[in-house]
Structures are given as C-alpha cells and as structure tokens.
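Next comes input.txt, with compact mmCIF, C-alpha atoms.
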```txt
# COMPACT_ATOMS: atom_id res chain seq x y z
CA MET A 10 -6.01 -2.82 11.52
CA ALA A 11 -5.98 -2.44 15.28
CA ALA A 12 -2.83 -0.99 16.82
CA PRO A 13 -0.85 -3.12 19.29
CA ASP A 14 -1.94 -2.50 22.87
CA PHE A 15 0.50 0.08 24.25
CA ALA A 16 -0.15 -0.85 27.88
CA SER A 17 0.92 -4.45 27.29
CA LEU A 18 4.37 -3.51 25.92
CA ALA A 19 7.57 -3.70 27.96
CA VAL A 20 11.04 -2.43 27.14
CA GLY A 21 13.04 -5.32 25.72
CA ASP A 22 10.10 -7.10 24.08
CA VAL A 23 10.94 -8.43 20.64
CA VAL A 24 7.96 -7.37 18.52
CA ALA A 25 9.05 -8.63 15.11
CA GLU A 26 11.75 -10.62 13.33
CA ARG A 27 12.19 -11.22 9.62
CA GLU A 28 14.76 -12.35 7.07
CA PHE A 29 15.25 -10.57 3.75
CA PRO A 30 16.95 -12.59 1.01
CA LEU A 31 18.37 -9.97 -1.39
CA THR A 32 19.40 -10.71 -4.94
CA ARG A 33 20.74 -8.50 -7.72
CA ASP A 34 17.13 -8.37 -8.95
CA SER A 35 16.15 -6.66 -5.67
CA LEU A 36 18.72 -3.94 -6.34
CA VAL A 37 17.57 -3.34 -9.92
CA ARG A 38 13.97 -3.21 -8.76
CA TYR A 39 14.84 -0.66 -6.05
CA ALA A 40 16.91 1.40 -8.49
CA GLY A 41 13.88 1.71 -10.77
CA ALA A 42 11.41 2.40 -7.97
CA SER A 43 13.57 5.01 -6.23
CA GLY A 44 15.32 6.59 -9.20
CA ASP A 45 18.76 5.90 -7.72
CA PHE A 46 20.68 4.56 -10.71
CA ASN A 47 24.18 4.74 -9.24
CA PRO A 48 25.92 1.87 -11.10
CA ILE A 49 27.74 0.65 -7.95
CA HIS A 50 24.39 -0.99 -7.20
CA TYR A 51 24.33 -3.18 -10.32
CA ARG A 52 27.70 -3.19 -12.12
CA ASP A 53 30.58 -5.25 -10.76
CA ASP A 54 33.15 -3.44 -12.92
CA VAL A 55 32.09 0.00 -11.65
CA ALA A 56 32.00 -1.19 -8.04
CA ALA A 57 35.51 -2.64 -8.40
CA SER A 58 36.83 0.52 -10.09
CA VAL A 59 35.96 2.61 -7.02
CA GLY A 60 37.51 0.08 -4.64
CA LEU A 61 34.36 -1.59 -3.34
CA PRO A 62 34.37 -5.29 -2.38
CA GLY A 63 31.41 -5.88 -4.74
CA VAL A 64 28.04 -4.56 -5.85
CA LEU A 65 26.29 -3.01 -2.85
CA ALA A 66 22.65 -2.77 -1.86
CA HIS A 67 21.42 0.84 -1.75
CA GLY A 68 21.60 2.03 1.88
CA MET A 69 18.09 3.38 1.38
CA LEU A 70 16.90 -0.07 0.27
CA THR A 71 18.17 -1.58 3.53
CA MET A 72 16.58 1.27 5.47
CA GLY A 73 13.37 0.76 3.48
CA PHE A 74 12.87 -2.94 4.14
CA ALA A 75 14.26 -2.97 7.69
CA VAL A 76 11.21 -1.01 8.90
CA GLN A 77 8.68 -3.33 7.25
CA PRO A 78 8.42 -5.84 10.13
CA VAL A 79 7.58 -2.86 12.37
CA VAL A 80 4.95 -1.60 9.90
CA ASP A 81 3.29 -5.02 9.91
CA TRP A 82 3.41 -5.20 13.70
CA ALA A 83 1.98 -1.67 14.00
CA GLY A 84 -0.76 -2.63 11.54
CA ASP A 85 -0.66 0.67 9.62
CA PRO A 86 2.32 2.37 7.91
CA GLY A 87 0.82 5.71 8.99
CA ARG A 88 1.71 4.96 12.61
CA VAL A 89 5.45 5.35 11.88
CA ALA A 90 6.08 8.93 13.03
CA ASP A 91 9.86 9.00 12.92
CA TYR A 92 12.55 6.69 11.55
CA GLN A 93 16.30 7.11 11.60
CA VAL A 94 19.33 5.00 10.78
CA ARG A 95 23.08 5.30 10.47
CA PHE A 96 24.74 3.44 7.61
CA THR A 97 27.62 1.64 9.28
CA ARG A 98 28.57 -1.18 6.91
CA PRO A 99 27.84 -1.89 3.25
CA VAL A 100 25.72 -4.89 2.19
CA VAL A 101 27.56 -6.71 -0.61
CA VAL A 102 25.15 -8.67 -2.81
CA ASP A 103 26.75 -11.64 -4.57
CA PRO A 104 25.56 -12.17 -8.18
CA VAL A 105 24.82 -15.85 -7.51
CA ASP A 106 24.21 -16.20 -3.78
CA GLY A 107 22.72 -12.77 -3.05
CA ALA A 108 22.77 -11.66 0.58
CA LEU A 109 20.60 -12.57 3.54
CA VAL A 110 19.80 -9.64 5.84
CA THR A 111 18.08 -10.28 9.17
CA VAL A 112 16.01 -7.77 11.12
CA SER A 113 15.05 -7.96 14.77
CA ALA A 114 12.79 -5.27 16.24
CA LYS A 115 12.73 -4.67 19.97
CA VAL A 116 10.98 -2.14 22.23
CA GLY A 117 13.68 0.38 23.21
CA GLN A 118 11.67 3.00 25.06
CA LEU A 119 8.04 3.74 25.93
CA ASP A 120 6.67 7.27 26.16
CA GLU A 121 3.53 6.82 28.25
CA GLN A 122 2.44 10.44 27.88
CA ALA A 123 2.46 10.40 24.07
CA THR A 124 1.76 6.63 23.72
CA VAL A 125 4.76 6.41 21.40
CA ALA A 126 6.91 3.28 21.36
CA ARG A 127 10.51 3.55 20.24
CA ILE A 128 11.37 0.35 18.44
CA ASP A 129 15.07 -0.39 18.00
CA LEU A 130 16.16 -2.43 15.00
CA THR A 131 19.09 -4.81 14.83
CA VAL A 132 19.92 -5.30 11.17
CA LYS A 133 22.59 -7.84 10.30
CA LEU A 134 24.36 -9.45 7.39
CA GLY A 135 25.74 -12.65 8.91
CA ASP A 136 27.33 -11.53 12.19
CA ASP A 137 27.85 -7.93 11.07
CA THR A 138 25.52 -5.10 11.99
CA VAL A 139 24.85 -2.97 8.91
CA LEU A 140 22.69 -0.20 10.41
CA GLY A 141 23.49 1.73 13.58
CA LYS A 142 21.10 3.67 15.80
CA ALA A 143 18.18 2.30 13.79
CA GLN A 144 15.15 3.61 15.66
CA VAL A 145 11.49 3.79 14.72
CA ARG A 146 8.99 5.88 16.66
CA VAL A 147 5.54 4.35 16.40
CA ALA A 148 2.48 6.33 17.51
CA LEU A 149 0.06 3.95 19.19
CA GLY A 150 -2.37 6.50 20.63
CA MET B 1 33.63 22.02 0.61
CA ASN B 2 32.36 25.51 1.32
CA PRO B 3 31.78 26.08 5.10
CA GLU B 4 29.67 29.15 4.40
CA LEU B 5 27.00 26.85 3.03
CA GLN B 6 25.52 26.42 6.51
CA GLY B 7 22.07 27.98 6.71
CA ARG B 8 21.59 28.19 2.94
CA VAL B 9 18.04 27.49 1.75
CA TYR B 10 17.55 26.26 -1.81
CA PRO B 11 14.52 27.17 -3.91
CA SER B 12 11.56 24.81 -3.51
CA THR B 13 11.46 21.99 -6.04
CA GLU B 14 8.79 21.60 -8.72
CA PRO B 15 5.69 19.93 -7.21
CA TYR B 16 5.86 16.11 -7.26
CA LEU B 17 2.56 14.30 -7.82
CA VAL B 18 2.52 11.00 -5.91
CA GLY B 19 1.05 8.34 -8.20
CA ARG B 20 -0.73 5.22 -6.94
CA GLU B 21 1.32 2.87 -9.09
CA LYS B 22 4.56 4.61 -8.04
CA VAL B 23 3.67 3.99 -4.40
CA ARG B 24 2.91 0.34 -5.15
CA GLU B 25 6.11 -0.07 -7.17
CA PHE B 26 8.17 1.46 -4.35
CA ALA B 27 6.32 -0.61 -1.73
CA ARG B 28 7.12 -3.84 -3.59
CA ALA B 29 10.77 -2.77 -3.97
CA VAL B 30 11.16 -2.42 -0.17
CA PHE B 31 9.39 -5.73 0.50
CA ALA B 32 6.31 -4.05 1.97
CA THR B 33 3.50 -6.52 2.58
CA ASN B 34 1.02 -4.31 4.42
CA PRO B 35 -2.20 -4.06 2.34
CA ILE B 36 -2.52 -0.35 3.21
CA ASN B 37 0.60 0.21 1.04
CA LEU B 38 -0.74 -1.81 -1.86
CA ASP B 39 -4.52 -2.02 -1.95
CA PRO B 40 -6.68 1.14 -2.30
CA GLU B 41 -9.62 -0.63 -0.64
CA ALA B 42 -7.56 -1.62 2.40
CA ALA B 43 -6.25 1.97 2.56
CA ALA B 44 -9.79 3.34 2.39
CA ALA B 45 -10.91 0.96 5.14
CA ALA B 46 -8.10 2.39 7.30
CA GLY B 47 -9.32 5.93 6.62
CA TYR B 48 -6.91 7.01 3.87
CA ALA B 49 -7.80 8.63 0.54
CA ASP B 50 -5.58 6.17 -1.37
CA VAL B 51 -2.62 3.81 -0.85
CA VAL B 52 -0.13 4.96 1.80
CA ALA B 53 3.55 5.23 0.89
CA PRO B 54 6.14 3.29 2.93
CA PRO B 55 8.00 5.33 5.59
CA THR B 56 11.07 5.86 3.37
CA PHE B 57 9.20 6.90 0.20
CA ALA B 58 9.92 10.57 0.98
CA VAL B 59 13.46 9.93 -0.30
CA VAL B 60 12.09 10.02 -3.87
CA VAL B 61 10.93 13.60 -3.34
CA GLN B 62 13.93 14.56 -1.19
CA GLU B 63 16.24 13.41 -3.99
CA HIS B 64 15.21 16.37 -6.16
CA SER B 65 16.30 18.78 -3.43
CA LEU B 66 19.60 16.96 -2.81
CA ALA B 67 20.31 17.17 -6.54
CA GLN B 68 20.22 20.98 -6.21
CA LEU B 69 22.80 20.90 -3.43
CA LEU B 70 25.09 18.46 -5.25
CA ALA B 71 24.87 20.44 -8.50
CA ASP B 72 25.67 23.77 -6.77
CA SER B 73 29.21 24.63 -7.88
CA ASP B 74 29.42 27.08 -4.99
CA ALA B 75 28.89 24.20 -2.52
CA GLY B 76 31.94 22.41 -3.90
CA ILE B 77 30.78 18.85 -3.19
CA ASP B 78 32.58 16.16 -5.20
CA PHE B 79 29.80 13.61 -5.72
CA SER B 80 32.26 10.76 -6.36
CA ARG B 81 33.48 11.18 -2.76
CA VAL B 82 30.06 11.33 -1.12
CA VAL B 83 29.02 8.59 1.31
CA HIS B 84 25.56 8.52 2.87
CA GLY B 85 26.19 8.70 6.62
CA ASP B 86 22.76 8.72 8.13
CA GLN B 87 19.13 9.36 7.30
CA ARG B 88 16.01 10.34 9.19
CA PHE B 89 12.36 10.95 8.36
CA THR B 90 10.17 12.88 10.80
CA SER B 91 6.53 12.82 9.75
CA THR B 92 3.47 14.86 10.57
CA ARG B 93 1.39 12.46 8.47
CA PRO B 94 2.13 9.69 5.98
CA ILE B 95 2.43 10.38 2.24
CA VAL B 96 -0.67 9.18 0.36
CA ALA B 97 -1.14 8.68 -3.40
CA GLY B 98 -2.59 11.88 -4.84
CA ASP B 99 -0.42 14.18 -2.73
CA LEU B 100 1.26 17.05 -4.55
CA LEU B 101 4.53 17.56 -2.68
CA THR B 102 7.12 20.31 -2.67
CA ALA B 103 10.59 19.96 -1.14
CA THR B 104 12.68 22.76 0.34
CA LEU B 105 16.24 22.01 1.41
CA THR B 106 18.12 23.85 4.14
CA VAL B 107 21.77 23.18 4.87
CA ALA B 108 21.53 22.58 8.62
CA SER B 109 25.22 22.13 9.32
CA VAL B 110 28.65 21.80 7.75
CA LYS B 111 31.44 20.24 9.76
CA SER B 112 35.03 19.20 9.17
CA LEU B 113 36.34 15.96 10.60
CA GLY B 114 40.01 15.75 9.75
CA ALA B 115 40.23 15.42 5.96
CA HIS B 116 36.52 14.65 5.72
CA SER B 117 33.57 17.02 5.64
CA MET B 118 30.05 16.35 6.83
CA VAL B 119 27.00 18.17 5.59
CA THR B 120 23.55 17.74 7.09
CA ALA B 121 20.70 18.67 4.76
CA GLU B 122 17.14 19.02 6.02
CA THR B 123 14.43 18.84 3.39
CA ALA B 124 10.97 19.96 4.49
CA ILE B 125 8.25 18.39 2.36
CA THR B 126 4.87 20.11 2.26
CA ASP B 127 1.57 19.33 0.53
CA ALA B 128 -0.53 21.42 -1.89
CA ALA B 129 -2.11 23.26 1.05
CA GLY B 130 1.36 24.19 2.33
CA GLU B 131 1.01 21.87 5.33
CA HIS B 132 4.05 19.98 6.60
CA VAL B 133 4.09 16.27 5.70
CA VAL B 134 7.59 15.03 6.48
CA THR B 135 11.11 16.31 6.96
CA ALA B 136 13.88 14.19 5.45
CA ILE B 137 17.31 14.69 6.97
CA SER B 138 20.47 13.34 5.37
CA THR B 139 24.02 13.55 6.58
CA LEU B 140 26.49 13.19 3.75
CA VAL B 141 30.15 12.48 4.40
CA ILE B 142 32.51 13.87 1.78
CA ARG B 143 35.71 11.87 1.98
CA GLY B 144 38.96 13.82 1.81
CA GLU B 145 41.73 13.21 -0.71
CA ASP B 146 43.45 9.87 -0.07
```
Would you write the structure of this file as structure tokens?
Amino acid sequence: MAAPDFASLAVGDVVAEREFPLTRDSLVRYAGASGDFNPIHYRDDVAASVGLPGVLAHGMLTMGFAVQPVVDWAGDPGRVADYQVRFTRPVVVDPVDGALVTVSAKVGQLDEQATVARIDLTVKLGDDTVLGKAQVRVALG
Amino acid sequence: MNPELQGRVYPSTEPYLVGREKVREFARAVFATNPINLDPEAAAAAGYADVVAPPTFAVVVQEHSLAQLLADSDAGIDFSRVVHGDQRFTSTRPIVAGDLLTATLTVASVKSLGAHSMVTAETAITDAAGEHVVTAISTLVIRGED
C-alpha cells in the first residue's frame, strides 16, 4: 500500500480516529494471544481483592490497539519505527457493558530530513485520558 | 529493591520462533485490520517474507526476559506491587513470521521515588543472524509498603 504523502502533512492534522468497544471477551482473547494471564484481567474477585475498581484491560492491549488506526493510515505496519506510551489510568471493563475506548491520531511533529512523522495519540475512556505521551514515529521515506 | 541492579545484563533467552498463526492470533487480539498483519499474500505483495507482526508484538518475546528479572531473588522485586509505568518499542525492522528471536535484558536504571522504586529494563531483540530487530523498554513502578 502506498505511504501517505509526507509533503502534504501539517502539524495538527488529524490522520485517523477510531472507537474500540472492549468486552471481557477482548481481554480473554488478548490474555491468550500475549501470554499475560494475570487474573486481574478476567476475575472480578481477584481484582477486588487487590483493591481495584474492577477487572482491567491489559495496558499492553490498550497500547496494542491504540496504534492500529495509525497502522491503517500508514498503509504498512512496517512503517512504525518507534512507539511509546505511558500508562496513566486503568481501563475498567464492565462484565455487561464493556468499555468504549476512543483513539484520535494527530500529527505532532514532522522531521523533513528523515521523512518521519510523529503521530500523537489521544486515547480516552469517556472523558478520561488513559495513555500519556502516546507517540508513534512513522517512517514515510 | 536492590539499587546495585543498575547495569546488570541477564543471559539471552532461548530463541523464540515467530509462528504465522501466532502473529495472526495476536493481530486479531489487538484489533489489527491491516491485511499485511493477517494475509501472507498481502504481506508478500508488500515485500515481506510472511505476515508482519503488529508494533507491540515484541512484548511476547520481551516477556521472557522480564520474567528473568522478576524471578531474580537478588533483584528483590515484589511482583504483587509492580505497576507497568511506561513502554516503548524502537524498531530497526518489523518482526515477520519465521523470525527466530533472542532477547537480552539490561537494567538501564533503578530509581527511588519516595517509598516507590522505578526500574527501567531495556530488552534488545535480535534475529538469527544476530541483527537488531527491536528494543523493548519497560519502566516498572514497584509500589512501597502502604
């Protein structure tokens, strides 16, 4: 797939937006795929026993899907050269209602020399930001 | 935890063979929709030997190196108090099904923040030829006694 045209990008452009409806099934699926079987991600009693407000999504699951709108925009997962996040707030996933996480991806910085775009992600559960300093460096050369 | 841990390098992990179906399973679990993650023909058309793993797949390989650190009694990390603070992946190239990967963890820094400790672990992941593929960096916060 062709890469987005670097020259046509401007800082502040929103390049992708997507909603991710999470359910408990999503957490079980990620546990199996990643090998992270910490029971706080699927057992209410264990989550409660360690003082959590409920069963939480794996931080690495949130990090994993939050970059997907950027991958689709970039056209090729191989163009993601660097990706970092800070886990600032847990995502509680209700057994019935799940959780709806929204991702907005915006151009944060453009490195003309290297043709690398830094895409900044805003990842929210309702009004709360759940990832801080979520930045993706995409090589568009 | 033990402040003298800084700079320690753990032995490289057993080689991890990246399977095509594992990549697809992981891709579906992180809601990946790009055909290059899922379809070998689409990956081949884009110039890859097989399906390409999502950007965070390296965590599966990194996990084996973190397990060494957490199991090290000399490190003194109480796993029940560990919170994942931040995470970064810096790639030379994407992971592709068929790769045989080895992970080597270095303790980059150990800091104290009041009652809490913070350890930053850098895991360099290399392929069968010994070439760098990706470095996975985790900062773990070990919460102090309440």
Considering all atoms listed in the file, tabulate each residue of chain B that lies at most 9 Å from chain A along with its nearest interatomic pair and the corresponding distance in Å to one decimal; arrange the rows by chain and ascending residue number and present them as JSON lines.
```
{"residue": "B:Lys22", "atom": "CA", "partner": "A:Ala42", "partner_atom": "CA", "distance": 7.2}
{"residue": "B:Val23", "atom": "CA", "partner": "A:Ala42", "partner_atom": "CA", "distance": 8.7}
{"residue": "B:Glu25", "atom": "CA", "partner": "A:Ala42", "partner_atom": "CA", "distance": 5.9}
{"residue": "B:Phe26", "atom": "CA", "partner": "A:Ala42", "partner_atom": "CA", "distance": 4.9}
{"residue": "B:Ala27", "atom": "CA", "partner": "A:Ala42", "partner_atom": "CA", "distance": 8.6}
{"residue": "B:Arg28", "atom": "CA", "partner": "A:Arg38", "partner_atom": "CA", "distance": 8.6}
{"residue": "B:Ala29", "atom": "CA", "partner": "A:Tyr39", "partner_atom": "CA", "distance": 5.0}
{"residue": "B:Val30", "atom": "CA", "partner": "A:Phe74", "partner_atom": "CA", "distance": 4.7}
{"residue": "B:Phe31", "atom": "CA", "partner": "A:Phe74", "partner_atom": "CA", "distance": 5.8}
{"residue": "B:Ala32", "atom": "CA", "partner": "A:Gln77", "partner_atom": "CA", "distance": 5.8}
{"residue": "B:Thr33", "atom": "CA", "partner": "A:Asp81", "partner_atom": "CA", "distance": 7.5}
{"residue": "B:Asn34", "atom": "CA", "partner": "A:Asp81", "partner_atom": "CA", "distance": 6.0}
{"residue": "B:Pro35", "atom": "CA", "partner": "A:Asp85", "partner_atom": "CA", "distance": 8.8}
{"residue": "B:Ile36", "atom": "CA", "partner": "A:Asp85", "partner_atom": "CA", "distance": 6.8}
{"residue": "B:Asn37", "atom": "CA", "partner": "A:Pro86", "partner_atom": "CA", "distance": 7.4}
{"residue": "B:Ala45", "atom": "CA", "partner": "A:Met10", "partner_atom": "CA", "distance": 8.9}
{"residue": "B:Ala46", "atom": "CA", "partner": "A:Met10", "partner_atom": "CA", "distance": 7.0}
{"residue": "B:Val52", "atom": "CA", "partner": "A:Pro86", "partner_atom": "CA", "distance": 7.1}
{"residue": "B:Ala53", "atom": "CA", "partner": "A:Pro86", "partner_atom": "CA", "distance": 7.7}
{"residue": "B:Pro54", "atom": "CA", "partner": "A:Pro86", "partner_atom": "CA", "distance": 6.3}
{"residue": "B:Pro55", "atom": "CA", "partner": "A:Val89", "partner_atom": "CA", "distance": 6.8}
{"residue": "B:Thr56", "atom": "CA", "partner": "A:Gly73", "partner_atom": "CA", "distance": 5.6}
{"residue": "B:Phe57", "atom": "CA", "partner": "A:Ser43", "partner_atom": "CA", "distance": 8.0}
{"residue": "B:Val59", "atom": "CA", "partner": "A:Ser43", "partner_atom": "CA", "distance": 7.7}
{"residue": "B:Val60", "atom": "CA", "partner": "A:Ser43", "partner_atom": "CA", "distance": 5.7}
{"residue": "B:Glu63", "atom": "CA", "partner": "A:Gly44", "partner_atom": "CA", "distance": 8.6}
{"residue": "B:Ser80", "atom": "CA", "partner": "A:Val59", "partner_atom": "CA", "distance": 9.0}
{"residue": "B:His84", "atom": "CA", "partner": "A:Phe96", "partner_atom": "CA", "distance": 7.0}
{"residue": "B:Gly85", "atom": "CA", "partner": "A:Phe96", "partner_atom": "CA", "distance": 5.5}
{"residue": "B:Asp86", "atom": "CA", "partner": "A:Arg95", "partner_atom": "CA", "distance": 4.2}
{"residue": "B:Gln87", "atom": "CA", "partner": "A:Val94", "partner_atom": "CA", "distance": 5.6}
{"residue": "B:Arg88", "atom": "CA", "partner": "A:Gln93", "partner_atom": "CA", "distance": 4.0}
{"residue": "B:Phe89", "atom": "CA", "partner": "A:Tyr92", "partner_atom": "CA", "distance": 5.3}
{"residue": "B:Thr90", "atom": "CA", "partner": "A:Asp91", "partner_atom": "CA", "distance": 4.4}
{"residue": "B:Ser91", "atom": "CA", "partner": "A:Ala90", "partner_atom": "CA", "distance": 5.1}
{"residue": "B:Thr92", "atom": "CA", "partner": "A:Ala90", "partner_atom": "CA", "distance": 6.9}
{"residue": "B:Arg93", "atom": "CA", "partner": "A:Gly87", "partner_atom": "CA", "distance": 6.8}
{"residue": "B:Pro94", "atom": "CA", "partner": "A:Gly87", "partner_atom": "CA", "distance": 5.2}
{"residue": "B:Ile95", "atom": "CA", "partner": "A:Gly87", "partner_atom": "CA", "distance": 8.4}
{"residue": "B:Ile137", "atom": "CA", "partner": "A:Gln93", "partner_atom": "CA", "distance": 8.9}
```
Quiz item: Quick one: residues within 10 Å of stretch 100-111 of chain B, only C-alpha atoms counted, chain neighbours fewer than 3 positions away excluded, as a PyMOL selection string?
Solution: chain B and resi 1-19+58+61-66+68-69+95-97+114+116-141
Exercise. For atom CA of A:Thr111 and atom CA of A:Gly63, quote the distance in Å rounded to one decimal.
Key: 19.8 Å
Practice problem: Please provide the set of residues having any atom within 9 Å of B:Ala115, restricted to only C-alpha atoms, with same-chain residues fewer than 4 positions apart removed, written as a PyMOL selection string. | Solution: chain B and resi 142-146
Practice problem: May I ask which of the residues A:Pro99, A:Ala126, A:Leu119, A:Thr138 is the closest one to B:Val83, counting all atoms listed in the file? | Solution: A:Pro99
Within-8 Å shell of (2.7, 7.2, 25.3) in input frame, all atoms listed in the file, as a PDB file with C-alpha atoms, in the coordinates of the input:
```pdb
ATOM      1  CA  PHE A  15       0.500   0.080  24.250  1.00  0.00           C
ATOM      2  CA  LEU A 119       8.040   3.740  25.930  1.00  0.00           C
ATOM      3  CA  ASP A 120       6.670   7.270  26.160  1.00  0.00           C
ATOM      4  CA  GLU A 121       3.530   6.820  28.250  1.00  0.00           C
ATOM      5  CA  GLN A 122       2.440  10.440  27.880  1.00  0.00           C
ATOM      6  CA  ALA A 123       2.460  10.400  24.070  1.00  0.00           C
ATOM      7  CA  THR A 124       1.760   6.630  23.720  1.00  0.00           C
ATOM      8  CA  VAL A 125       4.760   6.410  21.400  1.00  0.00           C
ATOM      9  CA  ALA A 126       6.910   3.280  21.360  1.00  0.00           C
ATOM     10  CA  ALA A 148       2.480   6.330  17.510  1.00  0.00           C
ATOM     11  CA  LEU A 149       0.060   3.950  19.190  1.00  0.00           C
ATOM     12  CA  GLY A 150      -2.370   6.500  20.630  1.00  0.00           C
TER      13      GLY A 150
END
```
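Taking atom CA of B:Phe79 and atom CA of A:Asn47 as the two end points, the separation is 11.1 Å.
Counting all atoms listed in the file, the residue from B:Arg81, B:Asp72, B:Asp99, B:Ala67 that sits nearest to B:Tyr48 is B:Asp99.
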Quiz prompt | Protein/DNA/RNA residues near (15.9, -18.7, -4.4), cut 9 Å, all atoms listed in the file, as a ChimeraX atom specification | solution = /A:30,32,106
Residues just named, written with C-alpha atoms as an mmCIF file, in the frame of the given file:
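Written output follows (part.cif):
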```
data_model
loop_
_atom_site.group_PDB
_atom_site.id
_atom_site.type_symbol
_atom_site.label_atom_id
_atom_site.label_comp_id
_atom_site.auth_asym_id
_atom_site.auth_seq_id
_atom_site.Cartn_x
_atom_site.Cartn_y
_atom_site.Cartn_z
ATOM 1 C CA PRO A 30 16.950 -12.590 1.010
ATOM 2 C CA THR A 32 19.400 -10.710 -4.940
ATOM 3 C CA ASP A 106 24.210 -16.200 -3.780
#
```
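A straight line drawn from atom CA of A:Asp103 to atom CA of A:Gly135 is 13.6 Å long.
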Practice problem: Return the single residue from A:Val64, A:Val101, A:Val23, A:Ile49 that is closest to A:Ser113, with distances computed using all atoms listed in the file. | Solution: A:Val23
As lines of an AutoDock Vina configuration file, please: the centre and edge lengths in Å, to one decimal, of an axis-aligned box enclosing every listed atom of stretch 66-79 of chain A with 4 Å added on each side.
```
center_x = 15.1
center_y = -1.2
center_z = 5.3
size_x = 23.1
size_y = 17.2
size_z = 22.2
```
